[in-house]
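Peer 1: The structure that follows is given in the form of structure tokens.
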Amino acid sequence: MNKVLVTGGAGFVGSNLVRHLLAVGKYDVVVLDDFSTGMKSNLEGLDVQIIEEDIANQSASIFNTKNNYDTIVHLAARGSVPRSIKNPTATTNTNVIGTQNLLEFARKNNSHFLFSSSSSVYGKNLQLPKVESDWIHPLTPYAASKAAAEAYVLAYSNSFGIPISLFRFFNIFGPWQRPDHVYSAVIPKWIWKAMQGQAIEIFGNGEQTRDFTYIGTVTDTLQTAISERKNFDGTVNLAFGNRVSLNQLTEILRREFPNLEILYTEPRQGDVIDSQNNPSLIQSLFPKVIPQSFDLGLDETINWFKEYSHQIINGPIVID
């Protein structure tokens, strides 16, 4: 059995990955989460050990024990661009100091280290599609924290020989993604509002684009990286070139919610205008991973929300 520690395992990506690993059946999964945004209900009925601690706390008990984890999948983060602008110090503590604490832990355990960075690190670089060798210029504290954490991951790999899989996530969506707080991602928030008959809000003219990636594609990729112990000499963009504008997204949603009302407001500080990945590298590294189409992934997400969304609403209040 491959012993895997999943930080942020009670969150959206983390709980989906835990389910995927358990379904494969050859992993002993341990979840590390402080439950500031993740939900214990996301893990109900799953055969996992749960450790409730803060990764930014260097004196946390987990960092002072040797547990021989084969793999550490580091998904815990203080997310959201607007949230980081309101409180940059808290973002730095979790996303940078917390990552460095986990890297030290990985070094002691000789663990394979998977890290989830963000496409937001490209920031001011407007070139499309993105390739991993592009220059980065973070525009917000959140993006800067992810770029700094990337640098630490690469430095530990170079200095101490830690095997790493360093991914830049783009816009992930799917089941188990919370729709009900101010920092929720666009797709779950809009589906939830449409289900309630409420208007959705677009910051700007709606022509901004995102490279949306379905959660099932992400968990397939992460599980493959774990099982094959992928060791990258650099970063890998985890996205497959799905460039969809917010206006296009609303038109697709109107197929299911024909009375959907849209309110256009002023652009939001720190938001990237366009995003699209060149998938050449990830396709070459993960040829067996077949990405889910955007339309089918969105249909599956809507259907899941209609049946199960009561399980993830009214979770922890997300503080500034």
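Residues in the structure tokens are numbered from 1 in each chain, the chains being A, B, ... in the order shown, and ligands are numbered from 1 in the order shown.
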Would you mind listing what lies within 7 Å of Thr71 (chain A) as an MDAnalysis selection string, with only C-alpha atoms counted and same-chain residues fewer than 5 positions away left out?
Peer 2: chainID A and resid 3:5 111:113 226
Peer 1: I need the residues from that last selection saved to file as a short mmCIF file (atom, residue, chain, number, x, y, z; two decimals), in the first residue's frame (with N, CA and C atoms), if you can.
Peer 2:
```
data_model
loop_
_atom_site.label_atom_id
_atom_site.label_comp_id
_atom_site.auth_asym_id
_atom_site.auth_seq_id
_atom_site.Cartn_x
_atom_site.Cartn_y
_atom_site.Cartn_z
N LYS A 3 1.32 4.83 1.12
CA LYS A 3 0.76 5.68 2.16
C LYS A 3 0.80 7.12 1.69
N VAL A 4 -0.36 7.75 1.58
CA VAL A 4 -0.49 9.08 0.98
C VAL A 4 -1.08 10.04 2.00
N LEU A 5 -0.41 11.17 2.20
CA LEU A 5 -0.94 12.26 3.01
C LEU A 5 -1.51 13.31 2.07
N SER A 111 9.66 11.70 1.09
CA SER A 111 8.38 11.54 0.40
C SER A 111 8.40 12.18 -0.98
N HIS A 112 7.66 11.58 -1.89
CA HIS A 112 7.34 12.21 -3.17
C HIS A 112 6.36 13.35 -2.87
N PHE A 113 6.63 14.55 -3.40
CA PHE A 113 5.86 15.74 -3.04
C PHE A 113 5.12 16.28 -4.25
N ILE A 226 1.07 10.00 -8.74
CA ILE A 226 1.43 9.28 -7.52
C ILE A 226 1.90 7.87 -7.84
#
```
Peer 1: Contacts of Ser80 (chain A) at 12 Å or less, counting only C-alpha atoms, minus same-chain residues fewer than 5 places along, as a list in words?
Peer 2: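 That gives Thr37, Ile85, Lys86, Asn87, Pro88, Ala90, Thr91, Asn95, Ser118, Ser120, Thr140, Pro141, Tyr142, Ala143, Ser145, Lys146, Asn171, His181, Val182, Tyr183, Ser184, Ala185, Val186, Gln269, Gly270, Asp271, Val318, Ile319 and Asp320 of chain A.
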Peer 1: Output the selection as a PDB file, in the first residue's frame - C-alpha atoms for each residue.
Peer 2:
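Saved the output as selection-v3.pdb:
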```
ATOM      1  CA  THR A  37     -12.848  25.904   4.723  1.00  0.00           C
ATOM      2  CA  ILE A  85      -6.019  41.387  -1.250  1.00  0.00           C
ATOM      3  CA  LYS A  86      -7.999  41.795   1.978  1.00  0.00           C
ATOM      4  CA  ASN A  87      -5.505  39.844   4.071  1.00  0.00           C
ATOM      5  CA  PRO A  88      -2.167  39.219   2.330  1.00  0.00           C
ATOM      6  CA  ALA A  90      -2.714  35.298   6.196  1.00  0.00           C
ATOM      7  CA  THR A  91      -2.333  34.170   2.579  1.00  0.00           C
ATOM      8  CA  ASN A  95       0.560  29.281   1.208  1.00  0.00           C
ATOM      9  CA  SER A 118      -2.046  28.192  -9.884  1.00  0.00           C
ATOM     10  CA  SER A 120      -2.603  33.039 -11.634  1.00  0.00           C
ATOM     11  CA  THR A 140      -1.974  39.715  -6.433  1.00  0.00           C
ATOM     12  CA  PRO A 141      -0.798  38.412  -3.051  1.00  0.00           C
ATOM     13  CA  TYR A 142      -2.464  35.068  -3.806  1.00  0.00           C
ATOM     14  CA  ALA A 143      -0.571  34.688  -7.078  1.00  0.00           C
ATOM     15  CA  SER A 145       2.235  33.281  -2.649  1.00  0.00           C
ATOM     16  CA  LYS A 146       1.840  30.485  -5.183  1.00  0.00           C
ATOM     17  CA  ASN A 171     -10.001  26.637 -13.327  1.00  0.00           C
ATOM     18  CA  HIS A 181     -19.701  31.822   0.220  1.00  0.00           C
ATOM     19  CA  VAL A 182     -18.354  35.084  -1.135  1.00  0.00           C
ATOM     20  CA  TYR A 183     -15.138  33.496  -2.442  1.00  0.00           C
ATOM     21  CA  SER A 184     -16.767  30.557  -4.247  1.00  0.00           C
ATOM     22  CA  ALA A 185     -15.594  29.805  -7.784  1.00  0.00           C
ATOM     23  CA  VAL A 186     -17.708  30.963 -10.695  1.00  0.00           C
ATOM     24  CA  GLN A 269      -9.288  44.087  -8.985  1.00  0.00           C
ATOM     25  CA  GLY A 270      -6.660  41.426  -9.654  1.00  0.00           C
ATOM     26  CA  ASP A 271      -8.697  39.248 -12.022  1.00  0.00           C
ATOM     27  CA  VAL A 318     -14.905  31.748   5.119  1.00  0.00           C
ATOM     28  CA  ILE A 319     -13.303  34.656   6.918  1.00  0.00           C
ATOM     29  CA  ASP A 320     -11.303  37.472   5.375  1.00  0.00           C
TER      30      ASP A 320
END
```
Peer 1: Have a look at CA of Phe286 (chain A) and CA of Val131 (chain A) and let me know their distance in Å, one decimal.
Peer 2: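 Going from CA of Phe286 (chain A) over to CA of Val131 (chain A), I get 16.1 Å.
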Peer 1: At what distance in Å, to one decimal, does CA of Val48 (chain A) lie from CA of Gln177 (chain A)?
Peer 2: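 Interatomic distance, CA of Gln177 (chain A) to CA of Val48 (chain A): 20.0 Å.
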Peer 1: Go through A:Phe12, A:Tyr152, A:Trp190, A:Tyr214 one by one, measure the shortest atom-to-atom distance of each to Leu246 (chain A) using only C-alpha atoms, and give the residue with the smallest value.
Peer 2: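 Looking only at the distances to Leu246 (chain A), the closest residue turns out to be A:Trp190.
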Peer 1: For region 147-151 of chain A, please output as a count of residues only all residues within 7 Å (counting only C-alpha atoms; exclusion window: fewer than 3 positions along the same chain).
Peer 2: 9
